[in-house]
$ cat coords-v5.cif   # mmCIF, C-alpha atoms, pLDDT in the B column; chains and numbers go by the auth columns
data_entry
#
loop_
_atom_site.group_PDB
_atom_site.id
_atom_site.type_symbol
_atom_site.label_atom_id
_atom_site.label_comp_id
_atom_site.label_asym_id
_atom_site.label_seq_id
_atom_site.Cartn_x
_atom_site.Cartn_y
_atom_site.Cartn_z
_atom_site.B_iso_or_equiv
_atom_site.auth_seq_id
_atom_site.auth_asym_id
ATOM 1 C CA MET A 1 -4.308 18.673 22.480 41.00 1 A
ATOM 2 C CA VAL A 2 -6.571 18.050 19.479 43.00 2 A
ATOM 3 C CA SER A 3 -9.517 15.739 20.050 47.00 3 A
ATOM 4 C CA GLU A 4 -9.896 12.379 18.295 50.00 4 A
ATOM 5 C CA GLN A 5 -13.060 13.732 16.633 52.00 5 A
ATOM 6 C CA LEU A 6 -11.079 16.559 15.067 46.00 6 A
ATOM 7 C CA TRP A 7 -8.422 14.144 13.809 45.00 7 A
ATOM 8 C CA HIS A 8 -11.171 12.000 12.261 49.00 8 A
ATOM 9 C CA TYR A 9 -12.647 15.107 10.618 49.00 9 A
ATOM 10 C CA LEU A 10 -9.257 16.137 9.245 48.00 10 A
ATOM 11 C CA ALA A 11 -8.583 12.615 7.975 51.00 11 A
ATOM 12 C CA VAL A 12 -11.878 12.638 6.091 56.00 12 A
ATOM 13 C CA CYS A 13 -11.702 16.219 4.814 73.00 13 A
ATOM 14 C CA MET A 14 -8.033 16.552 3.915 91.00 14 A
ATOM 15 C CA ASP A 15 -7.861 16.535 0.118 95.00 15 A
ATOM 16 C CA ASP A 16 -5.504 14.268 -1.782 97.00 16 A
ATOM 17 C CA THR A 17 -3.019 17.012 -2.628 97.00 17 A
ATOM 18 C CA GLU A 18 -2.589 17.973 1.008 96.00 18 A
ATOM 19 C CA LEU A 19 -2.456 14.351 2.124 97.00 19 A
ATOM 20 C CA TRP A 20 0.194 13.475 -0.482 98.00 20 A
ATOM 21 C CA GLN A 21 2.341 16.443 0.561 97.00 21 A
ATOM 22 C CA ARG A 22 1.970 15.834 4.278 97.00 22 A
ATOM 23 C CA PHE A 23 2.832 12.122 3.891 98.00 23 A
ATOM 24 C CA ALA A 24 5.854 12.909 1.707 97.00 24 A
ATOM 25 C CA GLN A 25 7.064 15.499 4.213 97.00 25 A
ATOM 26 C CA GLN A 26 6.315 13.283 7.242 96.00 26 A
ATOM 27 C CA ARG A 27 3.897 15.917 8.595 96.00 27 A
ATOM 28 C CA LEU A 28 1.133 13.525 9.663 96.00 28 A
ATOM 29 C CA SER A 29 0.875 13.189 13.424 94.00 29 A
ATOM 30 C CA HIS A 30 0.819 9.803 15.069 92.00 30 A
ATOM 31 C CA SER A 31 -2.892 10.164 15.836 91.00 31 A
ATOM 32 C CA GLU A 32 -3.688 11.241 12.270 92.00 32 A
ATOM 33 C CA TRP A 33 -1.854 8.264 10.778 94.00 33 A
ATOM 34 C CA ASN A 34 -4.786 5.880 11.126 94.00 34 A
ATOM 35 C CA HIS A 35 -6.162 3.077 8.977 96.00 35 A
ATOM 36 C CA ARG A 36 -8.236 5.436 6.812 96.00 36 A
ATOM 37 C CA LEU A 37 -5.175 7.499 5.913 96.00 37 A
ATOM 38 C CA HIS A 38 -3.118 4.369 5.223 97.00 38 A
ATOM 39 C CA VAL A 39 -5.770 3.334 2.662 98.00 39 A
ATOM 40 C CA ARG A 40 -5.928 6.802 1.156 98.00 40 A
ATOM 41 C CA VAL A 41 -2.138 7.065 0.859 98.00 41 A
ATOM 42 C CA ALA A 42 -2.028 3.610 -0.757 98.00 42 A
ATOM 43 C CA PHE A 43 -4.553 4.869 -3.327 98.00 43 A
ATOM 44 C CA LEU A 44 -2.397 7.941 -4.007 98.00 44 A
ATOM 45 C CA HIS A 45 0.692 5.798 -4.569 98.00 45 A
ATOM 46 C CA LEU A 46 -1.196 3.428 -6.874 98.00 46 A
ATOM 47 C CA ALA A 47 -2.559 6.382 -8.847 98.00 47 A
ATOM 48 C CA ARG A 48 1.030 7.439 -9.598 98.00 48 A
ATOM 49 C CA PHE A 49 3.031 4.216 -9.821 98.00 49 A
ATOM 50 C CA ASP A 50 2.684 0.550 -10.734 98.00 50 A
ATOM 51 C CA LEU A 51 2.144 -1.875 -7.854 98.00 51 A
ATOM 52 C CA ASP A 52 5.792 -2.685 -7.197 98.00 52 A
ATOM 53 C CA GLU A 53 6.989 0.937 -7.295 98.00 53 A
ATOM 54 C CA ALA A 54 3.986 2.074 -5.241 98.00 54 A
ATOM 55 C CA HIS A 55 4.765 -0.559 -2.624 98.00 55 A
ATOM 56 C CA LEU A 56 8.451 0.400 -2.397 98.00 56 A
ATOM 57 C CA ARG A 57 7.604 4.077 -2.023 98.00 57 A
ATOM 58 C CA MET A 58 4.852 3.363 0.494 98.00 58 A
ATOM 59 C CA ARG A 59 7.260 1.235 2.543 97.00 59 A
ATOM 60 C CA ALA A 60 9.890 3.968 2.585 97.00 60 A
ATOM 61 C CA GLY A 61 7.325 6.605 3.524 97.00 61 A
ATOM 62 C CA ILE A 62 5.855 4.556 6.371 97.00 62 A
ATOM 63 C CA ILE A 63 9.297 3.793 7.795 96.00 63 A
ATOM 64 C CA ARG A 64 10.264 7.488 7.635 96.00 64 A
ATOM 65 C CA LEU A 65 6.989 8.515 9.260 96.00 65 A
ATOM 66 C CA ASN A 66 7.480 5.906 11.999 95.00 66 A
ATOM 67 C CA GLN A 67 10.925 7.393 12.671 94.00 67 A
ATOM 68 C CA VAL A 68 9.430 10.884 12.971 95.00 68 A
ATOM 69 C CA HIS A 69 6.890 9.490 15.433 94.00 69 A
ATOM 70 C CA GLY A 70 9.717 7.945 17.464 93.00 70 A
ATOM 71 C CA LEU A 71 8.415 4.442 16.839 89.00 71 A
ATOM 72 C CA GLU A 72 11.147 1.876 17.344 85.00 72 A
ATOM 73 C CA GLU A 73 11.087 -0.799 14.647 83.00 73 A
ATOM 74 C CA THR A 74 10.981 -4.219 16.303 80.00 74 A
ATOM 75 C CA SER A 75 9.673 -7.664 15.448 77.00 75 A
ATOM 76 C CA ALA A 76 6.398 -6.680 17.154 80.00 76 A
ATOM 77 C CA ARG A 77 5.986 -2.985 16.210 84.00 77 A
ATOM 78 C CA GLY A 78 6.559 -0.682 13.307 88.00 78 A
ATOM 79 C CA TYR A 79 6.518 -1.342 9.593 94.00 79 A
ATOM 80 C CA PHE A 80 4.671 -4.527 8.540 96.00 80 A
ATOM 81 C CA GLU A 81 5.745 -5.829 5.108 97.00 81 A
ATOM 82 C CA THR A 82 3.010 -8.402 4.440 98.00 82 A
ATOM 83 C CA MET A 83 0.239 -6.126 5.694 97.00 83 A
ATOM 84 C CA THR A 84 1.439 -3.250 3.521 98.00 84 A
ATOM 85 C CA ARG A 85 1.737 -5.400 0.406 98.00 85 A
ATOM 86 C CA ALA A 86 -1.653 -7.043 1.030 98.00 86 A
ATOM 87 C CA TRP A 87 -3.317 -3.646 1.433 98.00 87 A
ATOM 88 C CA MET A 88 -1.678 -2.401 -1.765 98.00 88 A
ATOM 89 C CA HIS A 89 -3.279 -5.347 -3.584 98.00 89 A
ATOM 90 C CA LEU A 90 -6.656 -4.742 -1.944 98.00 90 A
ATOM 91 C CA VAL A 91 -6.656 -1.017 -2.710 98.00 91 A
ATOM 92 C CA ARG A 92 -5.519 -1.642 -6.286 98.00 92 A
ATOM 93 C CA ALA A 93 -8.384 -4.116 -6.820 98.00 93 A
ATOM 94 C CA ALA A 94 -10.933 -1.724 -5.321 98.00 94 A
ATOM 95 C CA ARG A 95 -9.591 1.104 -7.451 98.00 95 A
ATOM 96 C CA ALA A 96 -9.961 -1.037 -10.583 98.00 96 A
ATOM 97 C CA ALA A 97 -13.525 -1.990 -9.631 98.00 97 A
ATOM 98 C CA THR A 98 -14.681 1.605 -9.130 97.00 98 A
ATOM 99 C CA ASP A 99 -14.595 4.835 -11.061 96.00 99 A
ATOM 100 C CA ALA A 100 -13.003 6.668 -8.121 97.00 100 A
ATOM 101 C CA THR A 101 -10.734 9.497 -9.171 96.00 101 A
ATOM 102 C CA ASP A 102 -9.598 10.401 -5.660 97.00 102 A
ATOM 103 C CA SER A 103 -9.057 8.605 -2.387 97.00 103 A
ATOM 104 C CA LEU A 104 -12.210 9.898 -0.715 96.00 104 A
ATOM 105 C CA GLU A 105 -14.312 8.657 -3.623 96.00 105 A
ATOM 106 C CA LEU A 106 -12.606 5.282 -3.345 97.00 106 A
ATOM 107 C CA ILE A 107 -13.555 4.962 0.316 96.00 107 A
ATOM 108 C CA HIS A 108 -17.104 6.039 -0.495 95.00 108 A
ATOM 109 C CA GLN A 109 -17.402 3.498 -3.314 97.00 109 A
ATOM 110 C CA ALA A 110 -15.499 0.697 -1.563 98.00 110 A
ATOM 111 C CA PRO A 111 -16.252 1.114 2.161 97.00 111 A
ATOM 112 C CA GLU A 112 -15.005 -2.423 2.852 97.00 112 A
ATOM 113 C CA LEU A 113 -11.518 -0.895 2.693 98.00 113 A
ATOM 114 C CA LEU A 114 -12.230 0.717 6.060 97.00 114 A
ATOM 115 C CA ASP A 115 -12.381 -2.742 7.658 98.00 115 A
ATOM 116 C CA PRO A 116 -8.887 -3.325 9.070 97.00 116 A
ATOM 117 C CA THR A 117 -9.560 -7.081 9.193 97.00 117 A
ATOM 118 C CA LEU A 118 -10.013 -7.329 5.404 98.00 118 A
ATOM 119 C CA PRO A 119 -6.660 -9.127 4.895 98.00 119 A
ATOM 120 C CA LEU A 120 -7.968 -11.952 7.094 98.00 120 A
ATOM 121 C CA ARG A 121 -10.137 -13.029 4.175 98.00 121 A
ATOM 122 C CA HIS A 122 -6.861 -14.002 2.514 98.00 122 A
ATOM 123 C CA TYR A 123 -4.665 -14.935 5.493 98.00 123 A
ATOM 124 C CA SER A 124 -5.165 -17.029 8.580 98.00 124 A
ATOM 125 C CA ALA A 125 -4.472 -14.983 11.694 97.00 125 A
ATOM 126 C CA ALA A 126 -1.540 -17.243 12.566 97.00 126 A
ATOM 127 C CA ARG A 127 0.130 -16.703 9.192 98.00 127 A
ATOM 128 C CA LEU A 128 -0.525 -12.963 9.016 96.00 128 A
ATOM 129 C CA HIS A 129 0.565 -12.210 12.567 94.00 129 A
ATOM 130 C CA ALA A 130 3.750 -14.291 12.492 94.00 130 A
ATOM 131 C CA ALA A 131 7.000 -12.378 13.003 93.00 131 A
ATOM 132 C CA ARG A 132 8.182 -13.469 9.543 95.00 132 A
ATOM 133 C CA ALA A 133 5.169 -11.757 7.912 96.00 133 A
ATOM 134 C CA ARG A 134 6.150 -8.477 9.510 95.00 134 A
ATOM 135 C CA ALA A 135 9.680 -8.699 8.110 94.00 135 A
ATOM 136 C CA VAL A 136 9.076 -10.146 4.621 96.00 136 A
ATOM 137 C CA PHE A 137 6.091 -10.663 2.368 97.00 137 A
ATOM 138 C CA VAL A 138 4.394 -14.009 2.831 98.00 138 A
ATOM 139 C CA GLU A 139 1.800 -15.324 0.425 98.00 139 A
ATOM 140 C CA PRO A 140 -1.769 -15.740 1.696 98.00 140 A
ATOM 141 C CA ASP A 141 -2.884 -19.185 2.819 98.00 141 A
ATOM 142 C CA LEU A 142 -6.691 -18.840 2.518 98.00 142 A
ATOM 143 C CA MET A 143 -7.344 -17.077 -0.769 97.00 143 A
ATOM 144 C CA PRO A 144 -5.060 -15.349 -3.291 98.00 144 A
ATOM 145 C CA LEU A 145 -4.796 -11.587 -3.154 98.00 145 A
ATOM 146 C CA PRO A 146 -6.599 -9.818 -5.983 96.00 146 A
#
$ encode --input "coords-v5.cif" --output "structure tokens"
Amino acid sequence: MVSEQLWHYLAVCMDDTELWQRFAQQRLSHSEWNHRLHVRVAFLHLARFDLDEAHLRMRAGIIRLNQVHGLEETSARGYFETMTRAWMHLVRAARAATDATDSLELIHQAPELLDPTLPLRHYSAARLHAARARAVFVEPDLMPLP
């Protein structure tokens, strides 16, 4: 069994080419697939596609990866539509505000992206954590997404 420290090291040190390939091939373990890698993979999608296409491809990739991990999609677990779309907006805005050319640079220049509660600046907890928000995109109720 690989330690959590090693997974953190790999998540930080894996270059974008390897990360893109491993995500596309569903070769990221459940313990590797953490918040940091979600942000990095969002960056990689946004570097290749416009927001809508990036979101669609990210959704499909997350659902496939969840299947590989044996994660049953329910109203309480699995793919989260509003969270994914909100993070795509947040990563896109951070990317536009920096001169980052790769996902590790983005995290270095915009460390706020490592805060998993960042969407709560835009959404009340009740709205974001509602079952409907998991299934379909809901607009923020506190502040518009960038």
$ closest_residue --input "coords-v5.cif" --among "A:Arg121, A:His89, A:His108, A:His129" --to "Pro146 (chain A)" --atoms "only C-alpha atoms"
A:His89
$ resolve_selection --input "coords-v5.cif" --expression "the PyMOL selection byres ((chain A and resi 141) around 12)" --output "PyMOL selection string"
chain A and resi 119-128+138-140+142-145
$ resolve_selection --input "coords-v5.cif" --expression "the PyMOL selection byres ((chain A and resi 87) around 9)" --output "ChimeraX atom specification"
/A:38-39,42,82-86,88-92,113,118-119
$ atom_distance --input "coords-v5.cif" --atom1 "CA of His35 (chain A)" --atom2 "CA of Ala100 (chain A)"
18.8 Å
$ resolve_selection --input "coords-v5.cif" --expression "the PyMOL selection byres ((chain A and resi 56) around 12)" --output "PyMOL selection string"
chain A and resi 42+45-46+49-55+57-63+81+84-85+88
$ write_last_selection --input "coords-v5.cif" --atoms "C-alpha atoms" --output "PDB file, in the frame of the given file"
ATOM      1  CA  ALA A  42      -2.028   3.610  -0.757  1.00 98.00           C
ATOM      2  CA  HIS A  45       0.692   5.798  -4.569  1.00 98.00           C
ATOM      3  CA  LEU A  46      -1.196   3.428  -6.874  1.00 98.00           C
ATOM      4  CA  PHE A  49       3.031   4.216  -9.821  1.00 98.00           C
ATOM      5  CA  ASP A  50       2.684   0.550 -10.734  1.00 98.00           C
ATOM      6  CA  LEU A  51       2.144  -1.875  -7.854  1.00 98.00           C
ATOM      7  CA  ASP A  52       5.792  -2.685  -7.197  1.00 98.00           C
ATOM      8  CA  GLU A  53       6.989   0.937  -7.295  1.00 98.00           C
ATOM      9  CA  ALA A  54       3.986   2.074  -5.241  1.00 98.00           C
ATOM     10  CA  HIS A  55       4.765  -0.559  -2.624  1.00 98.00           C
ATOM     11  CA  ARG A  57       7.604   4.077  -2.023  1.00 98.00           C
ATOM     12  CA  MET A  58       4.852   3.363   0.494  1.00 98.00           C
ATOM     13  CA  ARG A  59       7.260   1.235   2.543  1.00 97.00           C
ATOM     14  CA  ALA A  60       9.890   3.968   2.585  1.00 97.00           C
ATOM     15  CA  GLY A  61       7.325   6.605   3.524  1.00 97.00           C
ATOM     16  CA  ILE A  62       5.855   4.556   6.371  1.00 97.00           C
ATOM     17  CA  ILE A  63       9.297   3.793   7.795  1.00 96.00           C
ATOM     18  CA  GLU A  81       5.745  -5.829   5.108  1.00 97.00           C
ATOM     19  CA  THR A  84       1.439  -3.250   3.521  1.00 98.00           C
ATOM     20  CA  ARG A  85       1.737  -5.400   0.406  1.00 98.00           C
ATOM     21  CA  MET A  88      -1.678  -2.401  -1.765  1.00 98.00           C
TER      22      MET A  88
END
$ axis_aligned_box --input "coords-v5.cif" --around "region 129-145 of chain A" --padding-each-side "4 Å" --output "lines of an AutoDock Vina configuration file"
center_x = 1.2
center_y = -13.8
center_z = 4.9
size_x = 25.0
size_y = 18.7
size_z = 24.3
$ residues_around --input "coords-v5.cif" --residues "Val68 (chain A)" --least-positions-apart "6" --cutoff "10 Å" --atoms "only C-alpha atoms" --output "PyMOL selection string"
chain A and resi 26-30+62
$ atom_distance --input "coords-v5.cif" --atom1 "CA of Arg40 (chain A)" --atom2 "CA of Asn66 (chain A)"
17.3 Å
$ atom_distance --input "coords-v5.cif" --atom1 "CA of Phe23 (chain A)" --atom2 "CA of Leu106 (chain A)"
18.4 Å
$ closest_residue --input "coords-v5.cif" --among "A:Leu37, A:Ala47, A:Ala110, A:Arg77" --to "Thr98 (chain A)" --atoms "all atoms listed in the file"
A:Ala110
$ closest_residue --input "coords-v5.cif" --among "A:Glu73, A:Phe43, A:Asn34, A:Phe137" --to "Ala94 (chain A)" --atoms "only C-alpha atoms"
A:Phe43
